[in-house]
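Structure file structure_30.cif; described as mmCIF, C-alpha atoms.
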data_structure
#
loop_
_atom_site.label_atom_id
_atom_site.label_comp_id
_atom_site.auth_asym_id
_atom_site.auth_seq_id
_atom_site.Cartn_x
_atom_site.Cartn_y
_atom_site.Cartn_z
CA SER L 505 150.74 55.81 55.22
CA GLU L 506 153.86 57.33 56.81
CA GLU L 507 155.39 57.36 53.32
CA PHE L 508 152.83 60.00 52.41
CA ASP L 509 153.71 62.39 55.24
CA ILE L 510 155.60 64.52 52.73
CA TYR L 511 152.32 65.07 50.85
CA THR L 512 150.62 66.17 54.05
CA LEU L 513 153.44 68.62 54.69
CA TYR L 514 153.23 69.84 51.09
CA CYS L 515 149.44 70.31 51.32
CA MET L 516 149.76 72.20 54.60
CA ASN L 517 152.43 74.49 53.13
CA TYR L 518 150.68 75.00 49.79
CA PRO L 519 148.97 78.31 50.81
CA ASN L 520 152.33 79.66 52.02
CA SER L 521 154.01 78.53 48.79
CA VAL L 522 151.44 80.38 46.71
CA SER L 523 151.80 83.46 48.89
CA VAL L 524 155.59 83.44 48.50
CA LEU L 525 155.28 82.90 44.74
CA ARG L 526 152.89 85.85 44.45
CA GLU L 527 155.33 88.03 46.37
CA CYS L 528 158.13 86.90 44.04
CA MET L 529 156.00 87.78 41.02
CA LYS L 530 155.86 91.39 42.25
CA ASN L 531 159.60 91.57 41.68
CA GLY L 532 160.16 92.31 37.98
CA THR L 533 163.41 90.32 37.74
CA LEU L 534 161.95 87.21 39.38
CA ALA L 535 158.73 87.45 37.37
CA LYS L 536 160.78 87.63 34.16
CA PHE L 537 162.86 84.63 35.29
CA PHE L 538 159.72 82.53 35.95
CA ARG L 539 158.16 83.51 32.61
CA GLU L 540 161.37 82.60 30.76
CA ARG L 541 161.55 79.20 32.50
CA GLN L 542 157.89 78.59 31.67
CA THR L 543 158.55 79.37 27.99
CA SER L 544 161.77 77.32 27.79
CA LEU L 545 160.01 74.29 29.33
CA SER L 546 157.01 74.75 27.00
CA HIS L 547 154.66 74.93 29.98
CA SER L 548 151.42 76.58 29.00
CA LEU L 549 150.16 77.03 32.57
CA PRO L 550 151.65 79.34 35.22
CA LEU L 551 153.77 77.86 38.03
CA GLU L 552 151.00 78.42 40.58
CA THR L 553 148.85 75.91 38.70
CA TYR L 554 151.58 73.27 38.86
CA LEU L 555 151.99 73.85 42.60
CA LEU L 556 148.34 72.88 43.04
CA LYS L 557 148.60 69.55 41.13
CA PRO L 558 150.03 67.43 44.00
CA VAL L 559 147.35 68.74 46.37
CA GLN L 560 144.59 67.82 43.92
CA ARG L 561 146.04 64.43 43.06
CA ILE L 562 146.73 63.07 46.54
CA LEU L 563 143.14 63.76 47.52
CA LYS L 564 141.81 61.84 44.49
CA TYR L 565 143.98 58.70 44.60
CA HIS L 566 141.53 56.80 46.80
CA LEU L 567 138.74 57.51 44.28
CA LEU L 568 140.89 56.22 41.44
CA LEU L 569 141.71 53.08 43.42
CA GLN L 570 138.04 52.52 44.25
CA GLU L 571 137.21 52.68 40.57
CA LEU L 572 140.04 50.26 39.80
CA ALA L 573 138.73 47.83 42.44
CA LYS L 574 135.29 47.80 40.77
CA HIS L 575 136.87 46.38 37.61
CA PHE L 576 139.28 44.02 39.35
CA ASP L 577 138.60 40.31 39.69
CA LYS L 578 138.25 39.75 43.45
CA SER L 579 139.99 36.38 43.18
CA ALA L 580 142.90 37.76 41.14
CA GLU L 581 146.36 38.22 42.57
CA GLY L 582 146.84 41.80 43.72
CA TYR L 583 143.21 42.50 44.60
CA GLU L 584 144.01 42.56 48.32
CA MET L 585 146.84 45.05 47.66
CA VAL L 586 144.38 47.32 45.84
CA LYS L 587 141.97 47.10 48.80
CA GLU L 588 144.83 47.91 51.19
CA ALA L 589 145.84 50.87 49.00
CA ILE L 590 142.25 52.17 49.11
CA ILE L 591 142.28 52.05 52.90
CA THR L 592 145.67 53.76 53.08
CA MET L 593 144.87 56.50 50.56
CA THR L 594 141.45 57.16 52.12
CA ALA L 595 143.18 57.59 55.48
CA VAL L 596 145.79 59.90 53.92
CA ALA L 597 143.08 62.04 52.27
CA TRP L 598 141.09 62.18 55.51
CA TYR L 599 144.20 63.15 57.49
CA ILE L 600 145.19 65.89 55.01
CA ASN L 601 141.66 67.30 55.00
CA ASP L 602 141.55 67.19 58.80
CA MET L 603 144.91 68.96 59.08
CA LYS L 604 143.76 71.61 56.57
CA ARG L 605 140.57 72.13 58.57
CA LYS L 606 142.58 72.54 61.79
CA GLN L 607 144.98 74.94 60.11
CA GLU L 608 142.10 77.03 58.74
CA GLN L 609 140.48 77.00 62.15
CA ALA L 610 143.71 78.16 63.81
CA VAL L 611 143.90 81.05 61.35
CA ARG L 612 140.24 81.96 62.05
CA LEU L 613 140.82 81.73 65.79
CA GLN L 614 143.79 84.12 65.48
CA GLU L 615 141.67 86.52 63.40
CA ILE L 616 138.99 86.56 66.10
CA GLN L 617 141.59 87.00 68.86
CA ASN L 618 143.23 89.90 67.00
CA SER L 619 139.93 91.68 66.38
CA LEU L 620 138.47 91.19 69.89
CA LEU L 621 138.29 94.36 71.98
CA ASN L 622 137.98 94.54 75.79
CA TRP L 623 138.67 90.81 76.31
CA LYS L 624 140.64 90.32 79.54
CA GLY L 625 140.68 86.51 79.55
CA PRO L 626 143.32 84.07 78.28
CA ASP L 627 143.94 83.37 74.60
CA LEU L 628 140.82 81.93 73.02
CA ILE L 629 142.65 78.70 72.15
CA ALA L 630 142.38 77.84 75.86
CA PHE L 631 138.64 77.25 75.31
CA GLY L 632 139.09 74.51 72.71
CA GLU L 633 138.06 74.39 69.09
CA LEU L 634 135.74 76.94 67.53
CA VAL L 635 132.59 74.89 66.96
CA LEU L 636 130.25 77.50 65.50
CA GLU L 637 129.92 81.23 64.93
CA GLY L 638 126.96 83.35 63.96
CA THR L 639 124.90 86.47 64.62
CA PHE L 640 121.51 87.17 66.14
CA ARG L 641 119.47 90.23 67.02
CA VAL L 642 118.47 90.83 70.64
CA GLN L 643 114.98 92.19 71.20
CA ARG L 644 115.04 95.83 72.32
CA ALA L 645 118.64 96.19 71.16
CA LYS L 646 119.84 98.06 68.09
CA LYS L 647 122.91 95.99 67.31
CA GLU L 648 123.25 92.36 66.44
CA ARG L 649 125.35 90.13 68.66
CA THR L 650 128.01 87.86 67.24
CA LEU L 651 128.42 84.53 69.00
CA PHE L 652 131.47 82.29 69.01
CA LEU L 653 130.86 78.83 70.42
CA PHE L 654 133.99 77.03 71.58
CA ASP L 655 134.26 73.59 73.18
CA LYS L 656 134.33 75.18 76.65
CA MET L 657 132.77 78.64 76.25
CA LEU L 658 130.18 80.71 74.42
CA LEU L 659 131.63 84.17 73.68
CA ILE L 660 129.09 86.96 73.05
CA THR L 661 130.30 90.09 71.27
CA LYS L 662 129.05 93.16 69.43
CA ARG L 663 130.43 93.66 65.96
CA ARG L 664 131.93 97.09 65.29
CA GLY L 665 133.12 97.20 61.69
CA GLU L 666 135.87 94.60 61.38
CA GLN L 667 136.22 94.26 65.15
CA TYR L 668 134.27 92.51 67.90
CA THR L 669 133.69 94.15 71.29
CA TYR L 670 133.49 91.68 74.16
CA ASN L 671 130.06 91.65 75.78
CA THR L 672 129.99 88.55 77.98
CA HIS L 673 130.75 84.85 78.01
CA ILE L 674 129.18 81.66 79.31
CA PHE L 675 131.20 78.60 80.19
CA VAL L 676 129.95 75.44 78.52
CA SER L 677 129.73 72.13 80.32
CA ILE L 678 129.19 69.05 78.22
CA THR L 679 127.19 66.56 80.19
CA ALA L 680 124.98 63.62 79.40
CA PRO L 681 121.41 64.61 78.59
CA LEU L 682 118.93 64.31 81.42
CA PRO L 683 116.12 61.79 81.06
CA PRO L 684 112.75 63.38 80.21
CA PRO L 685 110.40 64.12 83.11
CA GLN L 686 108.09 61.26 84.10
CA GLY L 687 104.71 61.22 82.42
CA THR L 688 105.67 63.41 79.45
CA GLY L 689 105.69 60.57 76.96
CA LEU L 690 109.07 61.74 75.70
CA GLY L 691 111.76 59.19 75.39
CA VAL L 692 114.63 58.04 73.23
CA GLY L 693 113.88 58.74 69.59
CA GLY L 694 112.01 61.96 70.41
CA GLN L 695 108.57 60.40 70.39
CA GLY L 696 105.89 62.42 72.11
CA LYS L 697 102.30 61.79 73.10
CA SER L 698 99.86 61.06 70.31
#
Taking this structure as input, can you express it in the form of structure tokens?
Amino acid sequence: SEEFDIYTLYCMNYPNSVSVLRECMKNGTLAKFFRERQTSLSHSLPLETYLLKPVQRILKYHLLLQELAKHFDKSAEGYEMVKEAIITMTAVAWYINDMKRKQEQAVRLQEIQNSLLNWKGPDLIAFGELVLEGTFRVQRAKKERTLFLFDKMLLITKRRGEQYTYNTHIFVSITAPLPPPQGTGLGVGGQGKS
């Protein structure tokens, strides 16, 4: 699957490519140039659409190969190569999706960091991946609290417009669950007393 690394790079850079293209389209001369090329090549769709095609296709190849395998004689020559290709392309699609998820998470983490007021601790990336975020209302309090759960910390903030004001944090320790107390009837599988 190393041969497909260029696709991973392309998929990771796709949002930047679209952003650069949109900036270029704000320049009248460049926009005219792109429109003229589009007309001369008889392309009916804008360039941005064509930039998306490789991203869409690489993520669908494994599905196409799976469909091909359904109609392939298992004893025929080449069947094993199709099965290998399915494994490879599934791994490539998984890797690209995982890298996109991590990239999106890094962007979100930076957004949180940039909008966090009164935080005196290290960069939030030091607390691992952002696992979950959400809001809740505290009894006897007017404002909702916004929580950010990281691998190693729960960050509790108050939302103020587009910003978050640091309230407190709790360090998270991942440990093995304790066995249920004796005589409760609780055990593995969550079965209780009848």
**Prompt:** Can you list, as a count of residues only, every protein, DNA or RNA residue that comes within 10 Å of segment 652-668 of chain L when you count all atoms listed in the file, leaving out same-chain residues fewer than 4 positions away?
**Reply:** 31
**Request:** Give me, please, the distance in Å between atom CA of Met593 of chain L and atom CA of Tyr565 of chain L, quoted to one decimal.
**Result:**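 Atom CA of Met593 of chain L sits 6.4 Å away from atom CA of Tyr565 of chain L.
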**Item:** For atom CA of Gly625 of chain L and atom CA of Val642 of chain L, the interatomic separation in Å (one decimal)
**Value:** 24.3 Å
Using the file's own x, y and z axes, what box holds all listed atoms of segment 636-655 of chain L with 6 Å on each side, keeping edges along x, y and z, and what are its centre and edge lengths in Å to one decimal, as JSON?
{"center_x": 124.6, "center_y": 85.8, "center_z": 68.6, "size_x": 31.3, "size_y": 36.5, "size_z": 21.2}
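Residue nearest Asp509 of chain L within the list L:Leu534, L:Leu572, L:Ala645, L:Ile562: L:Ile562 [criterion: smallest interatomic distance, only C-alpha atoms].
Among the candidates L:Thr533, L:Thr592, L:Asn520, L:Gln614, the one nearest to Leu569 of chain L when counting only C-alpha atoms is L:Thr592.
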**Straight-line distance linking atom CA of Gln542 of chain L with atom CA of Leu555 of chain L, stated in Å to one decimal** = 13.3 Å
Show me the residues around (148.2, 64.7, 45.8) - criterion: an atom at most 10 Å away, only C-alpha atoms counted - as a tab-separated table (two decimals) with C-alpha atoms, in the coordinates of the input.
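Printed below is part.tsv as written:
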chain	number	residue	atom	x	y	z
L	508	PHE	CA	152.83	60.00	52.41
L	511	TYR	CA	152.32	65.07	50.85
L	512	THR	CA	150.62	66.17	54.05
L	514	TYR	CA	153.23	69.84	51.09
L	515	CYS	CA	149.44	70.31	51.32
L	556	LEU	CA	148.34	72.88	43.04
L	557	LYS	CA	148.60	69.55	41.13
L	558	PRO	CA	150.03	67.43	44.00
L	559	VAL	CA	147.35	68.74	46.37
L	560	GLN	CA	144.59	67.82	43.92
L	561	ARG	CA	146.04	64.43	43.06
L	562	ILE	CA	146.73	63.07	46.54
L	563	LEU	CA	143.14	63.76	47.52
L	564	LYS	CA	141.81	61.84	44.49
L	565	TYR	CA	143.98	58.70	44.60
L	596	VAL	CA	145.79	59.90	53.92
L	597	ALA	CA	143.08	62.04	52.27
L	600	ILE	CA	145.19	65.89	55.01
**Prompt:** Nearest to Gln570 of chain L among L:Val586, L:Ala535, L:Ala595, L:Cys528, with distances taken over only C-alpha atoms: which residue is it?
**Reply:** L:Val586
**Prompt:** Can you list, as a ChimeraX atom specification, every protein, DNA or RNA residue that comes within 9 Å of Ala589 of chain L when you count all atoms listed in the file, leaving out same-chain residues fewer than 5 positions away?
**Reply:** /L:566,569,584,594
Take the residues from that selection and put them in a file with C-alpha atoms, as an mmCIF file, in the frame of the given file.
data_model
loop_
_atom_site.group_PDB
_atom_site.id
_atom_site.type_symbol
_atom_site.label_atom_id
_atom_site.label_comp_id
_atom_site.auth_asym_id
_atom_site.auth_seq_id
_atom_site.Cartn_x
_atom_site.Cartn_y
_atom_site.Cartn_z
ATOM 1 C CA HIS L 566 141.530 56.800 46.800
ATOM 2 C CA LEU L 569 141.710 53.080 43.420
ATOM 3 C CA GLU L 584 144.010 42.560 48.320
ATOM 4 C CA THR L 594 141.450 57.160 52.120
#
**Item:** Nearest-residue call for Lys587 of chain L, choices L:Leu568, L:Ala573, L:Met603, L:Val522, using all atoms listed in the file
**Value:**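 Closest to Lys587 of chain L of all the choices is L:Ala573.
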**Prompt:** For Asn517 of chain L, which residue out of L:Gln607, L:Ser548, L:Lys624, L:Glu540 is the nearest one, using all atoms listed in the file?
**Reply:**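 Closest candidate: L:Gln607.
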**Request:** For the structure provided, state which residues fall under the PyMOL selection byres ((chain L and resi 551) around 9), and present them as JSON, numbers by chain.
**Result:** {"L": [525, 538, 539, 542, 547, 549, 550, 552, 553, 554, 555, 556]}
